[in-house]
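File shown here: protein27.cif, holding mmCIF, C-alpha atoms.
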data_upload
loop_
_atom_site.label_atom_id
_atom_site.label_comp_id
_atom_site.auth_asym_id
_atom_site.auth_seq_id
_atom_site.Cartn_x
_atom_site.Cartn_y
_atom_site.Cartn_z
CA MET A 11 0.00 0.00 0.00
CA LYS A 12 1.22 3.47 -0.81
CA ASN A 13 2.49 5.70 1.94
CA LYS A 14 -0.05 8.47 2.42
CA LEU A 15 2.06 10.54 4.82
CA ILE A 16 3.92 13.04 2.68
CA SER A 17 5.66 16.36 3.18
CA LEU A 18 3.79 19.64 3.19
CA GLU A 19 5.72 20.85 0.12
CA ASP A 20 5.01 17.65 -1.79
CA ALA A 21 1.30 17.75 -0.95
CA VAL A 22 0.77 21.31 -2.15
CA ALA A 23 2.99 20.83 -5.21
CA ARG A 24 0.31 18.43 -6.53
CA ILE A 25 -2.20 21.29 -6.72
CA PRO A 26 -2.06 23.13 -10.08
CA ASP A 27 -2.88 26.79 -10.67
CA GLY A 28 -6.57 27.18 -11.43
CA ALA A 29 -7.59 24.23 -9.26
CA SER A 30 -10.89 24.13 -7.38
CA LEU A 31 -10.43 23.57 -3.65
CA LEU A 32 -12.90 22.61 -0.95
CA ILE A 33 -11.34 24.00 2.24
CA GLY A 34 -12.62 22.90 5.66
CA GLY A 35 -13.03 25.16 8.69
CA PHE A 36 -15.38 27.73 10.18
CA MET A 37 -13.74 31.11 10.71
CA ALA A 38 -10.47 29.15 10.30
CA VAL A 39 -11.37 26.91 13.28
CA GLY A 40 -10.78 23.39 11.99
CA GLY A 41 -9.16 24.80 8.87
CA PRO A 42 -6.09 23.27 7.19
CA ASN A 43 -4.11 26.38 7.97
CA ARG A 44 -0.65 24.96 7.30
CA LEU A 45 -1.71 23.78 3.83
CA VAL A 46 -3.16 27.24 3.17
CA ASP A 47 0.10 28.94 4.17
CA GLU A 48 1.98 26.59 1.84
CA LEU A 49 -0.37 27.44 -1.06
CA ILE A 50 0.70 31.05 -0.53
CA ARG A 51 4.40 30.16 -0.26
CA GLN A 52 4.22 28.21 -3.54
CA GLY A 53 2.25 31.05 -5.15
CA LYS A 54 -0.67 28.95 -6.46
CA ARG A 55 -3.07 31.22 -8.32
CA ASP A 56 -6.47 31.51 -10.03
CA LEU A 57 -7.91 29.25 -7.38
CA THR A 58 -11.59 28.52 -6.89
CA ILE A 59 -12.32 28.23 -3.17
CA ILE A 60 -15.40 26.54 -1.73
CA ALA A 61 -15.56 27.15 2.01
CA ASN A 62 -17.99 28.21 4.72
CA ASP A 63 -16.50 31.70 5.00
CA THR A 64 -13.41 33.68 4.03
CA ALA A 65 -12.27 34.06 7.67
CA ARG A 66 -10.38 37.25 8.46
CA PRO A 67 -7.71 38.90 6.32
CA ASN A 68 -4.87 37.70 8.57
CA ASN A 69 -6.32 34.31 9.36
CA GLY A 70 -6.61 30.91 7.63
CA LEU A 71 -7.85 31.00 4.04
CA GLY A 72 -8.56 34.73 4.39
CA LYS A 73 -4.89 35.18 3.56
CA LEU A 74 -5.38 33.56 0.12
CA VAL A 75 -7.80 36.38 -0.74
CA VAL A 76 -5.44 39.07 0.55
CA GLU A 77 -2.61 37.59 -1.57
CA LYS A 78 -4.92 37.77 -4.64
CA LEU A 79 -4.58 34.06 -5.39
CA VAL A 80 -8.33 33.49 -5.64
CA ARG A 81 -10.47 33.95 -8.75
CA ARG A 82 -13.79 32.61 -7.46
CA VAL A 83 -15.31 31.91 -4.05
CA VAL A 84 -18.40 29.86 -3.20
CA THR A 85 -19.23 30.64 0.41
CA SER A 86 -21.92 31.62 2.93
CA HIS A 87 -20.20 34.52 4.69
CA ILE A 88 -17.59 37.12 3.82
CA GLY A 89 -18.58 39.69 6.45
CA LEU A 90 -15.42 39.45 8.55
CA ASN A 91 -13.02 39.69 5.62
CA PRO A 92 -13.30 43.22 4.16
CA GLU A 93 -10.74 42.24 1.51
CA THR A 94 -13.17 39.71 -0.04
CA GLN A 95 -15.89 42.37 -0.14
CA LYS A 96 -13.49 44.91 -1.67
CA GLN A 97 -12.32 42.50 -4.40
CA MET A 98 -15.92 41.45 -5.07
CA ILE A 99 -17.04 45.05 -5.58
CA SER A 100 -14.01 45.84 -7.80
CA GLY A 101 -14.74 42.71 -9.86
CA ALA A 102 -11.33 41.10 -9.13
CA ILE A 103 -12.99 38.10 -7.52
CA GLU A 104 -16.25 36.34 -8.28
CA VAL A 105 -18.32 35.52 -5.20
CA GLU A 106 -21.27 33.13 -5.10
CA LEU A 107 -23.10 33.52 -1.78
CA VAL A 108 -24.88 30.36 -0.64
CA PRO A 109 -26.95 29.87 2.54
CA GLN A 110 -24.81 27.89 4.97
CA GLY A 111 -27.10 24.90 5.29
CA THR A 112 -27.50 24.77 1.52
CA LEU A 113 -23.73 24.86 1.08
CA ALA A 114 -23.35 21.91 3.45
CA GLU A 115 -26.00 19.89 1.59
CA ARG A 116 -24.65 20.76 -1.87
CA ILE A 117 -21.23 19.49 -0.85
CA ARG A 118 -22.76 16.41 0.75
CA ALA A 119 -24.77 15.78 -2.42
CA GLY A 120 -21.63 16.09 -4.53
CA GLY A 121 -19.83 13.61 -2.31
CA VAL A 122 -22.53 10.98 -2.04
CA GLY A 123 -23.64 10.84 -5.66
CA LEU A 124 -26.93 12.72 -5.49
CA GLY A 125 -28.13 14.83 -8.41
CA GLY A 126 -28.97 17.78 -6.15
CA VAL A 127 -31.01 18.67 -3.10
CA LEU A 128 -34.43 20.27 -2.62
CA THR A 129 -34.44 22.90 0.10
CA PRO A 130 -37.04 25.43 1.26
CA THR A 131 -34.22 27.83 2.20
CA GLY A 132 -34.03 30.81 -0.15
CA VAL A 133 -37.50 30.47 -1.71
CA GLY A 134 -38.83 33.96 -2.48
CA THR A 135 -35.43 35.61 -1.94
CA THR A 136 -32.62 36.63 -4.31
CA VAL A 137 -31.15 33.15 -3.77
CA GLU A 138 -33.84 31.59 -5.99
CA GLU A 139 -32.81 33.55 -9.10
CA GLY A 140 -32.00 31.23 -11.98
CA LYS A 141 -32.89 28.09 -10.05
CA ARG A 142 -35.52 25.47 -10.74
CA LYS A 143 -38.43 25.40 -8.28
CA VAL A 144 -40.05 22.09 -7.47
CA GLU A 145 -43.32 21.74 -5.60
CA ILE A 146 -43.72 18.74 -3.32
CA ASP A 147 -47.12 18.31 -1.62
CA GLY A 148 -47.84 21.97 -2.23
CA VAL A 149 -44.60 23.25 -0.69
CA PRO A 150 -42.10 25.04 -2.95
CA TYR A 151 -38.43 23.99 -2.83
CA LEU A 152 -35.34 25.13 -4.70
CA LEU A 153 -33.28 22.60 -6.60
CA GLU A 154 -29.71 23.18 -5.48
CA MET A 155 -26.95 21.53 -7.47
CA PRO A 156 -24.18 19.30 -6.09
CA ILE A 157 -20.67 20.65 -5.54
CA LYS A 158 -17.48 18.73 -6.21
CA ALA A 159 -13.91 19.98 -6.51
CA ASP A 160 -10.47 18.91 -7.72
CA PHE A 161 -9.14 18.82 -4.16
CA ALA A 162 -10.45 18.82 -0.61
CA LEU A 163 -8.09 20.28 1.98
CA VAL A 164 -9.26 19.32 5.45
CA ALA A 165 -8.01 19.51 9.05
CA ALA A 166 -8.26 16.59 11.48
CA LYS A 167 -7.46 16.07 15.12
CA GLN A 168 -6.10 12.58 14.53
CA ALA A 169 -5.10 10.57 11.47
CA ASP A 170 -3.78 7.05 11.39
CA LEU A 171 -1.37 6.03 8.64
CA TYR A 172 -4.19 4.53 6.55
CA GLY A 173 -5.90 7.94 6.67
CA ASN A 174 -8.74 7.30 9.13
CA LEU A 175 -9.65 10.67 10.65
CA THR A 176 -11.21 12.10 13.78
CA TYR A 177 -12.12 15.72 14.44
CA ALA A 178 -12.43 17.71 17.66
CA LEU A 179 -15.50 19.64 18.86
CA THR A 180 -16.50 22.53 16.58
CA ALA A 181 -13.39 21.99 14.43
CA ARG A 182 -15.34 19.23 12.65
CA ASN A 183 -17.80 21.51 10.77
CA PHE A 184 -17.46 21.07 6.96
CA ASN A 185 -14.40 18.77 7.02
CA PRO A 186 -16.08 15.33 6.88
CA LEU A 187 -18.48 16.49 4.14
CA MET A 188 -15.61 17.78 2.04
CA THR A 189 -13.63 14.53 2.22
CA MET A 190 -16.48 12.97 0.21
CA ALA A 191 -16.54 15.64 -2.49
CA GLY A 192 -12.90 16.24 -3.39
CA ALA A 193 -11.34 14.19 -6.21
CA THR A 194 -8.08 14.25 -4.24
CA VAL A 195 -8.23 14.62 -0.47
CA ILE A 196 -5.36 16.03 1.58
CA ALA A 197 -5.79 15.90 5.36
CA GLU A 198 -3.71 17.96 7.75
CA ALA A 199 -3.66 16.21 11.14
CA GLU A 200 -2.53 17.31 14.59
CA ASP A 201 -1.73 13.78 15.74
CA ILE A 202 -0.51 11.10 13.36
CA LEU A 203 -0.92 7.62 14.80
CA PRO A 204 -0.09 4.00 13.93
CA VAL A 205 -2.85 1.97 12.27
CA GLY A 206 -5.18 0.47 14.90
CA CYS A 207 -4.94 3.34 17.38
CA ILE A 208 -8.31 4.81 16.40
CA PRO A 209 -11.16 2.43 17.35
CA PRO A 210 -13.58 1.78 14.44
CA ASP A 211 -16.48 3.49 16.22
CA ALA A 212 -14.38 6.62 16.75
CA VAL A 213 -13.43 7.05 13.07
CA MET A 214 -15.35 9.99 11.59
CA THR A 215 -13.88 9.84 8.08
CA PRO A 216 -12.93 6.36 6.82
CA SER A 217 -9.41 6.07 5.42
CA VAL A 218 -10.54 5.11 1.91
CA LEU A 219 -11.58 8.74 1.31
CA VAL A 220 -8.18 10.21 2.17
CA ASP A 221 -5.33 10.33 -0.37
CA TYR A 222 -2.60 12.15 1.54
CA ILE A 223 -1.81 13.05 5.14
CA VAL A 224 0.28 16.02 6.20
CA ALA A 225 1.40 16.92 9.73
CA ALA A 226 -0.28 20.01 11.12
CA THR A 227 2.90 21.06 12.86
CA PRO A 228 6.44 20.84 11.46
CA ARG A 229 8.21 17.71 12.69
CA MET B 10 -30.93 49.56 31.98
CA ASP B 11 -29.65 50.19 28.45
CA GLU B 12 -31.78 49.37 25.42
CA LYS B 13 -29.91 46.21 24.46
CA THR B 14 -30.23 44.76 27.97
CA LEU B 15 -33.95 45.51 27.95
CA ILE B 16 -34.42 43.73 24.62
CA ALA B 17 -32.33 40.74 25.74
CA LYS B 18 -34.22 40.40 29.04
CA ARG B 19 -37.60 40.52 27.28
CA VAL B 20 -36.58 37.95 24.66
CA ALA B 21 -35.26 35.65 27.40
CA LEU B 22 -38.77 35.41 28.88
CA GLU B 23 -39.83 33.65 25.64
CA LEU B 24 -37.47 30.72 26.20
CA MET B 25 -39.09 27.66 27.76
CA ASP B 26 -37.65 24.82 29.80
CA GLY B 27 -36.00 22.24 27.51
CA ASP B 28 -35.94 24.48 24.42
CA LEU B 29 -33.19 24.15 21.81
CA VAL B 30 -32.23 27.72 20.94
CA ASN B 31 -29.91 29.38 18.43
CA LEU B 32 -28.78 32.93 19.17
CA GLY B 33 -27.45 35.11 16.35
CA ILE B 34 -24.25 37.13 16.61
CA GLY B 35 -24.43 40.51 18.39
CA LEU B 36 -27.42 41.59 20.46
CA PRO B 37 -29.10 38.13 20.46
CA THR B 38 -26.02 36.66 22.19
CA LEU B 39 -26.92 38.71 25.30
CA VAL B 40 -30.17 36.75 25.72
CA ALA B 41 -28.27 33.78 27.21
CA ARG B 42 -27.46 35.85 30.31
CA TYR B 43 -31.10 36.38 31.26
CA VAL B 44 -32.75 32.95 30.96
CA PRO B 45 -35.28 32.86 33.83
CA ALA B 46 -34.26 30.79 36.84
CA GLY B 47 -35.53 27.22 36.75
CA ARG B 48 -35.59 26.96 32.95
CA HIS B 49 -32.89 24.81 31.40
CA VAL B 50 -32.26 25.84 27.81
CA PHE B 51 -29.90 24.16 25.32
CA PHE B 52 -28.02 26.61 23.13
CA GLN B 53 -26.95 25.55 19.66
CA SER B 54 -24.22 27.12 17.60
CA GLU B 55 -24.48 26.45 13.87
CA ASN B 56 -20.78 25.59 13.58
CA GLY B 57 -21.68 22.31 15.24
CA ILE B 58 -22.57 22.11 18.93
CA VAL B 59 -25.57 21.74 21.22
CA GLY B 60 -24.87 22.62 24.85
CA MET B 61 -22.51 25.56 24.43
CA SER B 62 -21.69 28.03 27.18
CA GLY B 63 -21.47 31.76 26.57
CA PRO B 64 -18.12 33.29 25.55
CA ILE B 65 -15.26 32.46 27.92
CA THR B 66 -11.86 33.87 28.73
CA GLY B 67 -9.22 31.58 30.13
CA ALA B 68 -9.08 27.84 29.35
CA GLU B 69 -9.72 28.54 25.65
CA ASN B 70 -9.62 25.53 23.33
CA HIS B 71 -8.76 26.42 19.72
CA ASP B 72 -11.13 23.70 18.52
CA LEU B 73 -14.14 25.08 20.40
CA THR B 74 -15.71 28.39 19.38
CA ASP B 75 -19.07 29.95 18.61
CA ALA B 76 -20.13 30.88 15.08
CA GLY B 77 -18.27 34.18 15.36
CA GLY B 78 -15.02 32.40 16.20
CA SER B 79 -15.05 33.41 19.90
CA PRO B 80 -13.94 30.80 22.45
CA ILE B 81 -16.73 28.98 24.31
CA SER B 82 -16.91 25.89 26.45
CA ALA B 83 -19.05 22.80 26.19
CA LEU B 84 -21.37 22.27 29.15
CA PRO B 85 -21.86 18.77 30.63
CA GLY B 86 -24.14 16.87 28.25
CA ALA B 87 -23.04 18.83 25.18
CA ALA B 88 -22.76 17.22 21.72
CA SER B 89 -20.69 18.25 18.71
CA PHE B 90 -21.34 17.35 15.06
CA ASP B 91 -20.72 18.35 11.46
CA SER B 92 -22.34 21.18 9.48
CA ALA B 93 -24.87 18.96 7.67
CA LEU B 94 -26.26 17.67 10.96
CA SER B 95 -26.16 21.15 12.45
CA PHE B 96 -28.32 22.52 9.64
CA GLY B 97 -30.43 19.38 9.70
CA LEU B 98 -31.39 20.39 13.23
CA ILE B 99 -32.15 23.90 12.02
CA ARG B 100 -33.98 23.15 8.77
CA GLY B 101 -35.55 19.92 9.90
CA GLY B 102 -37.79 21.51 12.53
CA HIS B 103 -35.75 20.38 15.56
CA LEU B 104 -34.79 23.90 16.64
CA ASP B 105 -37.39 25.42 18.97
CA VAL B 106 -36.33 29.06 18.79
CA THR B 107 -33.97 31.24 16.81
CA VAL B 108 -33.25 34.81 17.90
CA LEU B 109 -31.83 37.05 15.18
CA GLY B 110 -31.03 40.69 14.63
CA GLY B 111 -32.94 42.61 11.97
CA LEU B 112 -32.48 45.45 9.50
CA GLN B 113 -36.17 45.63 8.52
CA VAL B 114 -39.41 43.81 9.34
CA ASP B 115 -42.45 44.53 7.20
CA ARG B 116 -46.20 44.54 7.78
CA GLU B 117 -46.44 40.92 6.67
CA GLY B 118 -43.85 39.98 9.27
CA ARG B 119 -41.10 39.31 6.77
CA LEU B 120 -37.50 39.89 7.82
CA ALA B 121 -34.57 41.46 5.95
CA ASN B 122 -31.29 41.11 7.83
CA TRP B 123 -28.47 40.02 5.57
CA MET B 124 -27.45 42.76 3.18
CA VAL B 125 -27.65 46.42 2.23
CA PRO B 126 -27.04 46.52 -1.55
CA GLY B 127 -23.98 48.60 -2.42
CA LYS B 128 -23.04 49.11 1.22
CA MET B 129 -22.78 45.93 3.20
CA VAL B 130 -22.69 42.45 1.69
CA PRO B 131 -21.58 40.12 4.45
CA GLY B 132 -23.44 37.09 3.12
CA MET B 133 -26.38 35.33 4.71
CA GLY B 134 -24.38 32.78 6.68
CA GLY B 135 -26.95 30.59 8.42
CA ALA B 136 -29.69 33.24 8.68
CA MET B 137 -31.83 32.04 5.74
CA ASP B 138 -31.85 28.46 7.01
CA LEU B 139 -32.62 29.62 10.56
CA VAL B 140 -35.57 31.79 9.56
CA THR B 141 -36.90 29.14 7.18
CA GLY B 142 -36.56 26.19 9.54
CA ALA B 143 -36.84 27.18 13.19
CA ARG B 144 -40.17 26.50 14.92
CA ARG B 145 -40.20 30.05 16.32
CA VAL B 146 -38.37 33.06 14.94
CA ILE B 147 -37.83 36.02 17.28
CA VAL B 148 -36.33 39.23 15.91
CA ALA B 149 -34.40 41.28 18.48
CA MET B 150 -33.55 44.75 17.23
CA GLN B 151 -33.62 48.49 17.86
CA HIS B 152 -37.02 49.92 16.90
CA SER B 153 -35.46 52.48 14.58
CA ALA B 154 -31.99 53.29 13.24
CA LYS B 155 -30.75 56.88 13.01
CA GLY B 156 -34.33 58.12 13.22
CA GLU B 157 -35.52 55.84 10.42
CA ALA B 158 -38.18 53.24 11.09
CA LYS B 159 -37.05 49.63 10.76
CA ILE B 160 -40.61 48.31 10.93
CA VAL B 161 -41.99 49.21 7.52
CA GLU B 162 -44.87 48.68 5.10
CA ARG B 163 -42.72 46.58 2.78
CA CYS B 164 -39.04 45.63 3.12
CA THR B 165 -36.86 47.57 0.68
CA LEU B 166 -33.83 45.43 1.56
CA PRO B 167 -33.43 41.85 0.25
CA LEU B 168 -35.50 39.38 2.29
CA THR B 169 -33.96 36.69 4.45
CA SER B 170 -37.03 34.49 3.99
CA VAL B 171 -40.67 34.87 3.00
CA ARG B 172 -41.64 33.08 6.22
CA ARG B 173 -43.52 35.28 8.69
CA VAL B 174 -41.52 35.77 11.89
CA ASP B 175 -43.27 35.02 15.18
CA LEU B 176 -42.30 37.93 17.40
CA VAL B 177 -40.41 41.23 17.18
CA VAL B 178 -38.86 42.61 20.37
CA THR B 179 -37.44 46.14 20.29
CA ASP B 180 -36.39 48.80 22.78
CA LEU B 181 -39.89 50.29 22.47
CA ALA B 182 -42.28 47.40 22.02
CA VAL B 183 -43.19 43.76 21.54
CA ILE B 184 -44.98 43.20 18.24
CA GLU B 185 -46.58 40.03 16.94
CA PRO B 186 -47.07 39.59 13.19
CA THR B 187 -50.46 37.98 12.43
CA ASP B 188 -52.73 37.35 9.43
CA ALA B 189 -54.40 40.71 10.13
CA GLY B 190 -51.13 42.63 10.41
CA LEU B 191 -48.68 43.69 13.11
CA VAL B 192 -50.18 43.58 16.59
CA LEU B 193 -48.70 45.80 19.30
CA LYS B 194 -48.72 43.57 22.38
CA GLU B 195 -46.45 45.39 24.82
CA THR B 196 -44.76 48.72 25.29
CA ALA B 197 -41.39 49.18 27.01
CA PRO B 198 -41.42 50.68 30.52
CA GLY B 199 -42.10 54.42 30.25
CA VAL B 200 -42.94 54.27 26.54
CA THR B 201 -46.38 55.38 25.26
CA VAL B 202 -48.37 53.83 22.41
CA GLU B 203 -48.06 57.17 20.58
CA GLN B 204 -44.25 56.97 20.76
CA VAL B 205 -44.29 53.44 19.31
CA ILE B 206 -46.62 54.50 16.49
CA ALA B 207 -44.51 57.58 15.73
CA ASN B 208 -41.41 55.38 15.34
CA THR B 209 -43.11 52.70 13.22
CA GLY B 210 -43.35 52.91 9.42
CA CYS B 211 -46.63 51.04 8.99
CA GLU B 212 -49.97 50.54 10.67
CA LEU B 213 -50.09 48.75 14.03
CA ILE B 214 -53.09 46.97 15.50
CA ILE B 215 -53.31 47.73 19.21
CA ALA B 216 -53.90 44.54 21.17
CA PRO B 217 -56.99 44.68 23.43
CA ASP B 218 -54.84 43.31 26.25
CA LEU B 219 -51.91 45.67 25.59
CA ARG B 220 -49.55 45.73 28.57
CA SER B 221 -46.21 47.07 29.67
CA MET B 222 -43.22 44.71 29.24
CA PRO B 223 -42.98 42.58 32.39
CA ILE B 224 -39.42 43.75 33.02
CA GLU B 225 -38.36 45.44 36.23
CA GLY B 226 -35.81 48.25 35.97
#
For the file at hand, write its structure as structure tokens.
Amino acid sequence: MKNKLISLEDAVARIPDGASLLIGGFMAVGGPNRLVDELIRQGKRDLTIIANDTARPNNGLGKLVVEKLVRRVVTSHIGLNPETQKQMISGAIEVELVPQGTLAERIRAGGVGLGGVLTPTGVGTTVEEGKRKVEIDGVPYLLEMPIKADFALVAAKQADLYGNLTYALTARNFNPLMTMAGATVIAEAEDILPVGCIPPDAVMTPSVLVDYIVAATPR
Amino acid sequence: MDEKTLIAKRVALELMDGDLVNLGIGLPTLVARYVPAGRHVFFQSENGIVGMSGPITGAENHDLTDAGGSPISALPGAASFDSALSFGLIRGGHLDVTVLGGLQVDREGRLANWMVPGKMVPGMGGAMDLVTGARRVIVAMQHSAKGEAKIVERCTLPLTSVRRVDLVVTDLAVIEPTDAGLVLKETAPGVTVEQVIANTGCELIIAPDLRSMPIEG
């Protein structure tokens, strides 16, 4: 079996300019912040980012926006990163705003092979523009399309060498959903453990979804 | 008592024993401080926890924050989960109450609270799911902003949802949207009905049992 534990440089070198990236985290909590810093160091550009929010300018993936490495963002909240708003208004960056629960379900749908999801969220608001409406038992829903990406960059509390993952507390957020929807999945883990150390019931993301593991702190 | 404290204390009276409650960022967060004695309420944060404490200082855990990224703790009996489950609770009808801030509420009880075109485009975050899915939606906001009414005939700002909210609590009044229109149920201590009407941008129906907010100074 191939060795999934690789260096930070090697992991990020696999990501080409123009790639689409699902990036875990919620205001950079549970975000793969070392992988993000390495994307900046290697100067990857024209990226499409799909993430809950764009954090703050000096924090997590917010820095990718500040460094002007992002072409398009699909996200639910940019309110705490004025740089995203500024670049959106100037037209430098394209922003698709998606209700947070809808974003979670679109990513889940992409990862589990569904053709989309029907949600009542957004009906009658600007969110419904250009979308198909489906009525079920008299209730209108929006058809929201699945999201997939070239890569998923996620953060885990623990990884074993097969790539089984656990997450801690509110650092879990979008990470497990994204491991299903990225064609290549790179997990940044705080603790890297021998196979067998994580009991089966404790595994939150099964190893088969994870392609590469990177240490969250330099070793 | 300042206006925000008054609003938070009045909203807190709406929370019932055993409720699962989501508080929005800002003013709504204050509500947690004033839950009436003897009522145990579970607070949810949409980033993935039921059973959160309020903000803490000291003993911060970088993996444990509220939806604004501020450190919290998990109370005994808390549970953490991913974003799909978190919004499943919200959208699926499992959330008893959501308390959100507001920019405008109109005569039909519809809320606008997520953007001001050309000025402020923060994104809707979880607000659209919360207003669409919670069993009860309570709007906690100042009655007017810079002398301009926030309760209006028709929202001019983009709507958060077409769902009618259940209660609006301001520094001047408690208003309940109904089929017939907005019903003025309570006035704040020391505030007259005329003052409420003068600061409201649409017609109010005066409740026959109109009372003063049951809040003591």
Review point. Can you list, as a count of residues only, the residues that the PyMOL selection byres ((chain A and resi 37) around 7) selects here?
Key: 7
**Study point:** Distance filter 7 Å, only C-alpha atoms, chain B against chain A, as an MDAnalysis selection string
**Key:** chainID B and resid 56:58 71:74 78 89:93 96 130:135 137:138 141 167:171
**Study point:** d(atom CA of B:Gly210, atom CA of A:Glu139) in Å
**Key:**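 Here the two named atoms are 28.8 Å from each other.
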Decode the PyMOL selection byres ((chain B and resi 110-124) around 9) for the given file into explicit residues and return them as a short mmCIF file (atom, residue, chain, number, x, y, z; two decimals) with C-alpha atoms, keeping the file's coordinate frame.
data_model
loop_
_atom_site.label_atom_id
_atom_site.label_comp_id
_atom_site.auth_asym_id
_atom_site.auth_seq_id
_atom_site.Cartn_x
_atom_site.Cartn_y
_atom_site.Cartn_z
CA GLY B 33 -27.45 35.11 16.35
CA ILE B 34 -24.25 37.13 16.61
CA GLY B 35 -24.43 40.51 18.39
CA LEU B 36 -27.42 41.59 20.46
CA PRO B 37 -29.10 38.13 20.46
CA VAL B 108 -33.25 34.81 17.90
CA LEU B 109 -31.83 37.05 15.18
CA VAL B 125 -27.65 46.42 2.23
CA PRO B 126 -27.04 46.52 -1.55
CA GLY B 127 -23.98 48.60 -2.42
CA LYS B 128 -23.04 49.11 1.22
CA MET B 129 -22.78 45.93 3.20
CA VAL B 130 -22.69 42.45 1.69
CA PRO B 131 -21.58 40.12 4.45
CA GLY B 132 -23.44 37.09 3.12
CA MET B 133 -26.38 35.33 4.71
CA GLY B 134 -24.38 32.78 6.68
CA ALA B 136 -29.69 33.24 8.68
CA MET B 137 -31.83 32.04 5.74
CA VAL B 140 -35.57 31.79 9.56
CA ILE B 147 -37.83 36.02 17.28
CA VAL B 148 -36.33 39.23 15.91
CA ALA B 149 -34.40 41.28 18.48
CA MET B 150 -33.55 44.75 17.23
CA GLN B 151 -33.62 48.49 17.86
CA ALA B 154 -31.99 53.29 13.24
CA ALA B 158 -38.18 53.24 11.09
CA LYS B 159 -37.05 49.63 10.76
CA ILE B 160 -40.61 48.31 10.93
CA VAL B 161 -41.99 49.21 7.52
CA GLU B 162 -44.87 48.68 5.10
CA ARG B 163 -42.72 46.58 2.78
CA CYS B 164 -39.04 45.63 3.12
CA THR B 165 -36.86 47.57 0.68
CA LEU B 166 -33.83 45.43 1.56
CA PRO B 167 -33.43 41.85 0.25
CA LEU B 168 -35.50 39.38 2.29
CA THR B 169 -33.96 36.69 4.45
CA SER B 170 -37.03 34.49 3.99
CA VAL B 171 -40.67 34.87 3.00
CA ARG B 172 -41.64 33.08 6.22
CA ARG B 173 -43.52 35.28 8.69
CA VAL B 174 -41.52 35.77 11.89
CA ASP B 175 -43.27 35.02 15.18
CA LEU B 176 -42.30 37.93 17.40
CA VAL B 177 -40.41 41.23 17.18
CA GLU B 185 -46.58 40.03 16.94
CA PRO B 186 -47.07 39.59 13.19
CA THR B 187 -50.46 37.98 12.43
CA ASP B 188 -52.73 37.35 9.43
CA ALA B 189 -54.40 40.71 10.13
CA GLY B 190 -51.13 42.63 10.41
CA LEU B 191 -48.68 43.69 13.11
CA GLY B 210 -43.35 52.91 9.42
CA CYS B 211 -46.63 51.04 8.99
CA GLU B 212 -49.97 50.54 10.67
CA LEU B 213 -50.09 48.75 14.03
#
Check your understanding: So what does the PyMOL selection byres ((chain B and resi 99) around 10) actually pick up in this one, as a list of chain:residue names?
Key -> A:Gly111, B:Leu29, B:Val30, B:Asn31, B:Gln53, B:Glu55, B:Ala93, B:Leu94, B:Ser95, B:Phe96, B:Gly97, B:Leu98, B:Arg100, B:Gly101, B:Gly102, B:His103, B:Leu104, B:Asp105, B:Val106, B:Thr107, B:Gly135, B:Asp138, B:Leu139, B:Val140, B:Thr141, B:Gly142, B:Ala143, B:Arg144
**Study point:** Separation of atom CA of A:Gly120 from atom CA of A:Asp211 in Å
**Key:** 24.8 Å
**Study point:** Polymer residues at most 7 Å from stretch 11-14 of chain A, only C-alpha atoms, same-chain spacing of 5 or more positions, as a PyMOL selection string
**Key:** chain A and resi 171+221-223
Suppose we keep C-alpha atoms; can you now write the selection as a PDB file, in the coordinates of the input?
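Contents of the output file result-v4.pdb:
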ATOM      1  CA  LEU A 171      -1.370   6.030   8.640  1.00  0.00           C
ATOM      2  CA  ASP A 221      -5.330  10.330  -0.370  1.00  0.00           C
ATOM      3  CA  TYR A 222      -2.600  12.150   1.540  1.00  0.00           C
ATOM      4  CA  ILE A 223      -1.810  13.050   5.140  1.00  0.00           C
TER       5      ILE A 223
END
Residues near B:Val200, cut-off 9 Å, only C-alpha atoms, skip fewer than 5 positions along chain, as a compact mmCIF listing (two decimals) with C-alpha atoms, in the frame of the given file:
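Once written, out34.txt looks like this:
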# COMPACT_ATOMS: atom_id res chain seq x y z
CA LEU B 181 -39.89 50.29 22.47
CA ALA B 182 -42.28 47.40 22.02
CA VAL B 205 -44.29 53.44 19.31
CA SER B 221 -46.21 47.07 29.67
